[in-house]
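Structure file target.cif (mmCIF, C-alpha atoms) is printed below.
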```
data_input
#
loop_
_atom_site.group_PDB
_atom_site.id
_atom_site.type_symbol
_atom_site.label_atom_id
_atom_site.label_comp_id
_atom_site.auth_asym_id
_atom_site.auth_seq_id
_atom_site.Cartn_x
_atom_site.Cartn_y
_atom_site.Cartn_z
ATOM 1 C CA MET P 155 0.000 0.000 0.000
ATOM 2 C CA GLU P 156 1.135 3.344 -0.750
ATOM 3 C CA ALA P 157 1.453 5.695 2.089
ATOM 4 C CA LYS P 158 -0.553 8.758 1.674
ATOM 5 C CA ASP P 159 0.522 11.904 3.242
ATOM 6 C CA THR P 160 -2.179 13.486 5.257
ATOM 7 C CA ILE P 161 -2.435 17.044 4.294
ATOM 8 C CA PRO P 162 -4.563 19.150 6.591
ATOM 9 C CA ASP P 163 -7.231 21.121 4.924
ATOM 10 C CA GLU P 164 -6.329 24.217 6.996
ATOM 11 C CA PRO P 165 -3.074 25.147 8.483
ATOM 12 C CA ALA P 166 -2.899 24.523 12.219
ATOM 13 C CA GLU P 167 -3.112 27.630 14.460
ATOM 14 C CA PRO P 168 0.039 28.501 16.310
ATOM 15 C CA PRO P 169 -0.038 27.624 19.990
ATOM 16 C CA VAL P 170 -1.169 30.368 22.356
ATOM 17 C CA GLN P 171 1.628 31.616 24.591
ATOM 18 C CA VAL P 172 0.370 31.788 28.202
ATOM 19 C CA GLU P 173 2.458 33.932 30.517
ATOM 20 C CA ALA P 174 3.364 32.211 33.726
ATOM 21 C CA PRO P 175 2.589 34.195 36.897
ATOM 22 C CA VAL P 176 5.497 36.030 38.417
ATOM 23 C CA ARG P 177 6.615 34.390 41.651
ATOM 24 C CA ALA P 178 9.110 35.489 44.181
ATOM 25 C CA VAL P 179 12.304 33.635 43.795
ATOM 26 C CA GLU P 180 12.819 31.388 46.793
ATOM 27 C CA PRO P 181 15.875 29.376 47.499
ATOM 28 C CA PRO P 182 15.252 25.761 46.832
ATOM 29 C CA ALA P 183 14.667 23.655 49.853
ATOM 30 C CA PRO P 184 17.492 21.228 50.481
ATOM 31 C CA PHE P 185 14.975 18.499 51.019
ATOM 32 C CA PRO P 186 11.220 18.147 50.836
ATOM 33 C CA VAL P 187 9.504 19.681 53.848
ATOM 34 C CA ALA P 188 7.052 17.305 55.377
ATOM 35 C CA GLU P 189 3.843 18.336 57.080
ATOM 36 C CA PRO P 190 4.620 19.010 60.799
ATOM 37 C CA ALA P 191 3.316 16.332 63.017
ATOM 38 C CA TYR P 192 1.146 17.183 66.067
ATOM 39 C CA VAL P 193 3.229 17.605 69.138
ATOM 40 C CA PRO P 194 1.329 17.930 72.447
ATOM 41 C CA VAL P 195 2.265 21.024 74.443
ATOM 42 C CA ALA P 196 3.799 20.080 77.740
ATOM 43 C CA GLU P 197 2.295 21.725 80.829
ATOM 44 C CA PRO P 198 4.615 24.199 82.612
ATOM 45 C CA VAL P 199 6.515 22.767 85.507
ATOM 46 C CA PRO P 200 5.284 24.481 88.669
ATOM 47 C CA THR P 201 7.836 26.676 90.376
ATOM 48 C CA ALA P 202 8.713 26.478 94.029
ATOM 49 C CA SER P 203 6.281 29.312 94.968
ATOM 50 C CA ALA P 204 3.484 27.903 92.854
ATOM 51 C CA ALA P 205 4.069 24.402 94.133
ATOM 52 C CA GLY P 206 3.669 25.634 97.708
ATOM 53 C CA ARG P 207 0.133 26.945 97.063
ATOM 54 C CA ARG P 208 -2.826 24.732 97.595
ATOM 55 C CA PRO P 209 -6.254 25.189 96.129
ATOM 56 C CA ARG P 210 -8.802 26.461 98.549
ATOM 57 C CA GLY P 211 -11.054 23.499 98.783
ATOM 58 C CA ARG P 212 -12.761 21.510 101.497
ATOM 59 C CA THR P 213 -9.510 20.963 103.379
ATOM 60 C CA ALA P 214 -8.886 24.680 103.742
ATOM 61 C CA LEU P 215 -12.404 25.277 105.045
ATOM 62 C CA LEU P 216 -12.049 22.493 107.594
ATOM 63 C CA ILE P 217 -8.771 23.947 108.850
ATOM 64 C CA ALA P 218 -10.289 27.439 109.178
ATOM 65 C CA ALA P 219 -13.304 26.097 111.053
ATOM 66 C CA ALA P 220 -11.054 24.150 113.404
ATOM 67 C CA ALA P 221 -8.980 27.269 114.112
ATOM 68 C CA VAL P 222 -12.089 29.308 114.973
ATOM 69 C CA LEU P 223 -13.403 26.575 117.247
ATOM 70 C CA GLY P 224 -10.010 26.305 118.889
ATOM 71 C CA ILE P 225 -9.898 30.044 119.668
ATOM 72 C CA ALA P 226 -13.459 30.077 120.972
ATOM 73 C CA GLY P 227 -12.850 26.986 123.063
ATOM 74 C CA GLY P 228 -9.629 28.384 124.501
ATOM 75 C CA THR P 229 -11.354 31.622 125.450
ATOM 76 C CA ALA P 230 -14.163 29.783 127.192
ATOM 77 C CA VAL P 231 -11.719 27.587 129.075
ATOM 78 C CA GLY P 232 -9.714 30.618 130.128
ATOM 79 C CA TYR P 233 -12.786 32.362 131.537
ATOM 80 C CA GLY P 234 -13.740 29.185 133.358
ATOM 81 C CA VAL P 235 -10.327 28.864 134.957
ATOM 82 C CA GLN P 236 -10.355 32.509 136.065
ATOM 83 C CA ALA P 237 -13.845 32.136 137.507
ATOM 84 C CA ASP P 238 -12.828 29.119 139.595
ATOM 85 C CA ARG P 239 -9.764 30.820 141.030
ATOM 86 C CA ALA P 240 -9.867 32.762 144.264
ATOM 87 C CA PRO P 241 -9.542 36.549 143.799
ATOM 88 C CA THR P 242 -5.967 37.774 144.026
ATOM 89 C CA PRO P 243 -5.655 40.682 146.476
ATOM 90 C CA LEU P 244 -4.309 43.910 144.952
ATOM 91 C CA PRO P 245 -1.115 45.405 146.334
ATOM 92 C CA ALA P 246 -1.538 48.173 148.872
ATOM 93 C CA LEU P 247 -1.741 51.674 147.456
ATOM 94 C CA SER P 248 1.477 53.341 148.509
ATOM 95 C CA GLN P 249 2.040 56.888 147.261
ATOM 96 C CA PRO P 250 3.993 58.834 149.841
ATOM 97 C CA GLY P 251 4.360 62.536 149.526
ATOM 98 C CA LEU P 252 0.864 63.427 148.288
ATOM 99 C CA GLY P 253 0.117 67.125 148.627
ATOM 100 C CA TYR P 254 -2.875 66.884 150.959
ATOM 101 C CA PRO P 255 -2.935 69.304 153.895
ATOM 102 C CA ALA P 256 -2.896 67.824 157.356
ATOM 103 C CA LYS P 257 -6.225 69.512 158.081
ATOM 104 C CA ALA P 258 -8.765 71.513 156.160
ATOM 105 C CA LEU P 259 -8.166 75.207 155.597
ATOM 106 C CA PRO P 260 -10.276 77.633 157.624
ATOM 107 C CA ALA P 261 -13.268 79.112 155.829
ATOM 108 C CA ASP P 262 -11.741 82.568 155.597
ATOM 109 C CA LYS P 263 -8.658 81.163 153.837
ATOM 110 C CA VAL P 264 -10.508 79.289 151.065
ATOM 111 C CA PRO P 265 -9.824 81.194 147.785
ATOM 112 C CA ASP P 266 -12.919 82.724 146.218
ATOM 113 C CA PRO P 267 -13.560 82.683 142.456
ATOM 114 C CA LEU P 268 -11.932 85.388 140.405
ATOM 115 C CA PRO P 269 -13.520 88.795 140.937
ATOM 116 C CA VAL P 270 -15.518 90.226 138.077
ATOM 117 C CA SER P 271 -12.798 92.797 137.418
ATOM 118 C CA GLN P 272 -10.338 89.976 136.590
ATOM 119 C CA ASP P 273 -12.680 87.487 134.893
ATOM 120 C CA ARG P 274 -12.597 88.845 131.344
ATOM 121 C CA GLN P 275 -15.059 86.330 129.937
ATOM 122 C CA LEU P 276 -17.607 87.183 132.609
ATOM 123 C CA LYS P 277 -17.105 90.868 131.919
ATOM 124 C CA THR P 278 -17.689 90.589 128.181
ATOM 125 C CA ASP P 279 -20.746 88.342 128.646
ATOM 126 C CA GLY P 280 -22.516 91.186 130.408
ATOM 127 C CA ASP P 281 -23.587 94.550 129.048
ATOM 128 C CA LEU P 282 -20.968 95.402 126.444
ATOM 129 C CA LEU P 283 -22.037 99.050 126.471
ATOM 130 C CA LYS P 284 -20.695 99.341 130.012
ATOM 131 C CA LEU P 285 -17.237 98.343 128.788
ATOM 132 C CA LEU P 286 -16.973 101.353 126.513
ATOM 133 C CA VAL P 287 -14.481 103.904 127.779
ATOM 134 C CA ASP P 288 -16.074 106.721 129.748
ATOM 135 C CA ARG P 289 -16.761 109.946 127.923
ATOM 136 C CA PRO P 290 -14.751 112.943 129.008
ATOM 137 C CA SER P 291 -16.523 115.592 130.988
ATOM 138 C CA GLY P 292 -18.403 117.956 128.707
ATOM 139 C CA ALA P 293 -18.387 115.631 125.678
ATOM 140 C CA ARG P 294 -21.655 115.545 123.745
ATOM 141 C CA SER P 295 -23.162 113.054 121.339
ATOM 142 C CA LEU P 296 -22.497 113.556 117.644
ATOM 143 C CA LEU P 297 -26.069 112.466 116.882
ATOM 144 C CA ALA P 298 -28.591 114.448 118.836
ATOM 145 C CA SER P 299 -31.348 111.869 118.396
ATOM 146 C CA LEU P 300 -29.278 108.995 119.788
ATOM 147 C CA PRO P 301 -27.354 108.505 123.029
ATOM 148 C CA ALA P 302 -23.599 108.574 122.913
ATOM 149 C CA GLU P 303 -23.476 104.807 123.544
ATOM 150 C CA ARG P 304 -25.681 102.449 121.567
ATOM 151 C CA TRP P 305 -25.897 99.134 119.734
ATOM 152 C CA ILE P 306 -25.403 99.127 115.979
ATOM 153 C CA SER P 307 -26.278 96.386 113.493
ATOM 154 C CA LEU P 308 -23.816 94.476 111.352
ATOM 155 C CA ASP P 309 -24.926 96.133 108.125
ATOM 156 C CA ALA P 310 -24.654 99.604 109.693
ATOM 157 C CA TYR P 311 -21.136 98.801 110.886
ATOM 158 C CA ALA P 312 -20.151 97.420 107.454
ATOM 159 C CA MET P 313 -21.317 100.663 105.815
ATOM 160 C CA GLU P 314 -18.566 102.498 107.684
ATOM 161 C CA PHE P 315 -15.995 100.825 105.396
ATOM 162 C CA LYS P 316 -15.247 101.508 101.730
ATOM 163 C CA SER P 317 -15.943 97.905 100.636
ATOM 164 C CA GLU P 318 -19.104 97.469 102.666
ATOM 165 C CA ASP P 319 -20.279 94.314 100.830
ATOM 166 C CA TYR P 320 -16.958 92.567 101.349
ATOM 167 C CA MET P 321 -16.793 93.625 104.987
ATOM 168 C CA PHE P 322 -20.348 92.461 105.656
ATOM 169 C CA GLU P 323 -19.621 88.974 104.273
ATOM 170 C CA ARG P 324 -16.299 88.735 106.088
ATOM 171 C CA LEU P 325 -17.775 89.694 109.453
ATOM 172 C CA ALA P 326 -20.783 87.425 108.968
ATOM 173 C CA ASP P 327 -18.462 84.508 108.228
ATOM 174 C CA GLY P 328 -16.503 85.402 111.366
ATOM 175 C CA ASP P 329 -19.708 84.974 113.408
ATOM 176 C CA VAL P 330 -20.175 88.469 114.848
ATOM 177 C CA ARG P 331 -22.209 88.476 118.054
ATOM 178 C CA ARG P 332 -22.847 92.166 118.721
ATOM 179 C CA ILE P 333 -21.349 95.624 118.216
ATOM 180 C CA ALA P 334 -21.338 98.416 120.776
ATOM 181 C CA ALA P 335 -20.609 101.953 119.640
ATOM 182 C CA ALA P 336 -19.778 105.309 121.167
ATOM 183 C CA ASP P 337 -19.641 108.616 119.287
ATOM 184 C CA TRP P 338 -19.065 111.972 120.896
ATOM 185 C CA GLU P 339 -17.762 115.420 120.147
ATOM 186 C CA GLN P 340 -15.234 117.071 122.392
ATOM 187 C CA GLY P 341 -14.079 120.657 122.275
ATOM 188 C CA GLN P 342 -14.792 122.681 119.174
ATOM 189 C CA HIS P 343 -14.060 120.263 116.330
ATOM 190 C CA ARG P 344 -12.763 117.000 117.820
ATOM 191 C CA GLY P 345 -14.806 113.889 117.151
ATOM 192 C CA VAL P 346 -14.304 110.445 118.698
ATOM 193 C CA SER P 347 -15.738 107.161 117.420
ATOM 194 C CA ILE P 348 -15.309 103.835 119.262
ATOM 195 C CA ARG P 349 -16.500 100.391 118.186
ATOM 196 C CA LEU P 350 -16.434 97.237 120.312
ATOM 197 C CA VAL P 351 -16.949 94.265 117.977
ATOM 198 C CA GLN P 352 -17.620 91.000 119.806
ATOM 199 C CA PHE P 353 -17.545 87.571 118.136
ATOM 200 C CA ARG P 354 -19.083 84.307 119.257
ATOM 201 C CA SER P 355 -16.892 81.506 120.560
ATOM 202 C CA SER P 356 -16.184 79.206 117.618
ATOM 203 C CA ALA P 357 -13.333 77.493 115.802
ATOM 204 C CA GLN P 358 -12.514 80.746 114.039
ATOM 205 C CA LEU P 359 -10.706 83.534 115.846
ATOM 206 C CA GLY P 360 -13.073 86.236 114.666
ATOM 207 C CA ALA P 361 -11.861 89.108 116.853
ATOM 208 C CA SER P 362 -8.193 88.410 116.172
ATOM 209 C CA ASP P 363 -8.773 88.019 112.423
ATOM 210 C CA HIS P 364 -10.747 91.250 112.205
ATOM 211 C CA ALA P 365 -8.147 93.220 114.171
ATOM 212 C CA ASN P 366 -5.242 91.823 112.185
ATOM 213 C CA GLY P 367 -7.071 92.455 108.928
ATOM 214 C CA GLN P 368 -7.399 96.136 109.787
ATOM 215 C CA LEU P 369 -3.825 96.386 111.001
ATOM 216 C CA ASP P 370 -2.438 94.832 107.819
ATOM 217 C CA TYR P 371 -3.351 97.720 105.508
ATOM 218 C CA MET P 372 -2.639 100.597 107.903
ATOM 219 C CA PRO P 373 0.999 101.039 106.741
ATOM 220 C CA ASP P 374 -0.293 101.661 103.192
ATOM 221 C CA ALA P 375 -0.054 105.341 102.264
ATOM 222 C CA GLU P 376 -3.289 105.412 100.235
ATOM 223 C CA GLU P 377 -5.566 103.106 102.195
ATOM 224 C CA GLY P 378 -4.089 103.524 105.676
ATOM 225 C CA ALA P 379 -2.016 105.916 107.705
ATOM 226 C CA GLY P 380 1.194 105.382 105.745
ATOM 227 C CA ASN P 381 3.184 104.248 108.791
ATOM 228 C CA SER P 382 3.587 101.162 110.973
ATOM 229 C CA GLY P 383 2.183 102.870 114.080
ATOM 230 C CA THR P 384 3.155 102.314 117.718
ATOM 231 C CA ALA P 385 2.379 99.349 119.957
ATOM 232 C CA ILE P 386 -0.269 99.796 122.641
ATOM 233 C CA LYS P 387 1.187 98.896 126.016
ATOM 234 C CA GLY P 388 -0.374 95.779 127.526
ATOM 235 C CA SER P 389 -1.882 94.458 124.285
ATOM 236 C CA GLY P 390 -0.682 91.579 122.184
ATOM 237 C CA ASN P 391 -1.367 93.025 118.739
ATOM 238 C CA GLY P 392 -2.707 96.525 119.423
ATOM 239 C CA ARG P 393 -1.259 99.607 117.714
ATOM 240 C CA TYR P 394 -2.167 103.266 117.337
ATOM 241 C CA PHE P 395 -1.530 105.472 114.293
ATOM 242 C CA LEU P 396 -1.425 109.136 113.321
ATOM 243 C CA TYR P 397 -2.554 110.094 109.823
ATOM 244 C CA LYS P 398 -0.956 112.763 107.673
ATOM 245 C CA PRO P 399 -3.052 115.929 107.590
ATOM 246 C CA HIS P 400 -5.470 116.311 104.697
ATOM 247 C CA TYR P 401 -5.884 119.677 103.048
ATOM 248 C CA LYS P 402 -8.701 120.845 100.797
ATOM 249 C CA ALA P 403 -9.288 124.320 99.424
ATOM 250 C CA GLY P 404 -11.953 126.196 101.339
ATOM 251 C CA TYR P 405 -11.884 123.829 104.321
ATOM 252 C CA LEU P 406 -9.955 123.592 107.537
ATOM 253 C CA PRO P 407 -7.200 120.936 107.587
ATOM 254 C CA SER P 408 -8.263 117.477 108.718
ATOM 255 C CA TYR P 409 -6.192 115.405 111.154
ATOM 256 C CA GLY P 410 -6.857 111.845 112.128
ATOM 257 C CA ALA P 411 -5.693 109.102 114.488
ATOM 258 C CA ARG P 412 -6.683 105.477 114.919
ATOM 259 C CA ALA P 413 -6.150 102.691 117.494
ATOM 260 C CA ILE P 414 -6.849 98.976 116.951
ATOM 261 C CA ALA P 415 -6.496 96.133 119.442
ATOM 262 C CA GLN P 416 -8.088 92.832 120.426
ATOM 263 C CA ARG P 417 -8.537 91.092 123.742
ATOM 264 C CA GLY P 418 -10.336 87.771 123.927
ATOM 265 C CA ASP P 419 -13.429 87.744 121.742
ATOM 266 C CA VAL P 420 -13.678 91.560 121.526
ATOM 267 C CA MET P 421 -11.910 93.819 119.045
ATOM 268 C CA PHE P 422 -11.964 97.590 119.496
ATOM 269 C CA ASP P 423 -11.477 100.259 116.856
ATOM 270 C CA ILE P 424 -11.023 103.931 117.831
ATOM 271 C CA HIS P 425 -11.042 106.910 115.437
ATOM 272 C CA VAL P 426 -10.249 110.487 116.384
ATOM 273 C CA PHE P 427 -10.788 113.448 114.020
ATOM 274 C CA ASP P 428 -9.860 117.086 114.514
ATOM 275 C CA THR P 429 -8.990 120.283 112.687
ATOM 276 C CA VAL P 430 -5.855 120.696 114.782
ATOM 277 C CA PRO P 431 -2.980 118.211 115.191
ATOM 278 C CA ILE P 432 -3.696 115.198 117.414
ATOM 279 C CA SER P 433 -0.888 114.269 119.771
ATOM 280 C CA LYS P 434 0.316 110.702 120.261
ATOM 281 C CA LYS P 435 -0.514 111.022 123.933
ATOM 282 C CA ASP P 436 -4.181 111.677 123.194
ATOM 283 C CA ILE P 437 -4.740 108.567 121.068
ATOM 284 C CA ARG P 438 -2.447 106.400 123.217
ATOM 285 C CA THR P 439 -4.211 107.338 126.451
ATOM 286 C CA LEU P 440 -7.620 106.693 124.944
ATOM 287 C CA ALA P 441 -6.530 103.285 123.619
ATOM 288 C CA GLU P 442 -4.971 102.246 126.932
ATOM 289 C CA ARG P 443 -8.105 103.272 128.845
ATOM 290 C CA GLN P 444 -10.297 101.241 126.517
ATOM 291 C CA LEU P 445 -8.002 98.217 126.781
ATOM 292 C CA GLU P 446 -8.207 98.327 130.578
ATOM 293 C CA ARG P 447 -12.002 98.047 130.426
ATOM 294 C CA LEU P 448 -11.860 94.704 128.582
#
```

As structure tokens - that is how I would like this structure written.
Amino acid sequence: MEAKDTIPDEPAEPPVQVEAPVRAVEPPAPFPVAEPAYVPVAEPVPTASAAGRRPRGRTALLIAAAAVLGIAGGTAVGYGVQADRAPTPLPALSQPGLGYPAKALPADKVPDPLPVSQDRQLKTDGDLLKLLVDRPSGARSLLASLPAERWISLDAYAMEFKSEDYMFERLADGDVRRIAAADWEQGQHRGVSIRLVQFRSSAQLGASDHANGQLDYMPDAEEGAGNSGTAIKGSGNGRYFLYKPHYKAGYLPSYGARAIAQRGDVMFDIHVFDTVPISKKDIRTLAERQLERL
């Protein structure tokens, strides 16, 4: 038979070139990597501290209950033993040298309570108006419709200051009890104003705070006297001051002096005004007299 060449009717299409995906070049493994076998994870070996701990189970509860019963039983036994014992006599009380007199003092030698003149608290609990310094002979009240000595309210007293709202709140917080006032005119143009401000007994030192608050700004030249003043003899924090004269056209010159001190729960504030110079002796004597009354 003759071999016949098979001739395709149509030429075969060229093979389609498929681009292989780009892969990262990895170094070949030296040997095939097998699938890792399952290895059980070993439990951690307990340390010395962990090994010493025991779970709180029934054993722990039994031990705790036994301890409580043991304490209660021991206490009961102890009380029983003490109750059965005979009482132990106490040692004799021996304290030689006690300061008891051999015999009672006679009635006329027994010390009386402090007199009213020395009991400051008793003095200030009474009529505070009576503790105001006495008016000089011939002095007259500045207000004809009111006596020279009188009670004034807290708001009326606060209005005597520049910052009356602030002063009212400060004094109210300090627990003011009452305020006694004296105002008189002496000579031709001299005026005297005295205030006794008493505070209630409380945790706050109202009288001391009020006095120190007034003393703090007195050295200021604009608000106060512009000097540190002079200490009042016999007082802990008291001082008296002389102001610089004030001049205004058409008016007589104005001179002023002030004294501030505190004793116990009472603070006193003294102002003196005049058209002639005020001596240190005048304001000092007035302050010392007022201090003696408290």

Distance CA of Gln342 in chain P-CA of Tyr409 in chain P, one decimal place?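 So the two atoms, CA of Gln342 in chain P and CA of Tyr409 in chain P, lie 13.8 Å apart.
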
d(CA of Ala385 in chain P, CA of Glu323 in chain P) in Å: 28.9 Å

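Checking P:Ala326, P:Ala365, P:Val426, P:Leu282 one by one against Trp305 in chain P, counting only C-alpha atoms, you find the shortest gap at P:Leu282.
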
List the residues selected by the PyMOL selection byres ((chain P and resi 430-438) around 8) in the file shown, writing them as a PyMOL selection string. chain P and resi 386+394+396+399+407-413+426+428-429+439-442

Exercise: Ala310 in chain P partners within 10 Å, all atoms listed in the file, chain neighbours under 4 positions left out, as an NGL selection string: :P and (306 or 314-315 or 318 or 322 or 333)

Could you name the residues that touch Glu339 in chain P at 12 Å or less, counting only C-alpha atoms, but leaving out those on the same chain fewer than 5 positions away, as a ChimeraX atom specification? /P:289-298,302,344-348,425-428

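Across the model, the gap from CA of Phe395 in chain P to CA of Gly383 in chain P is 4.5 Å.
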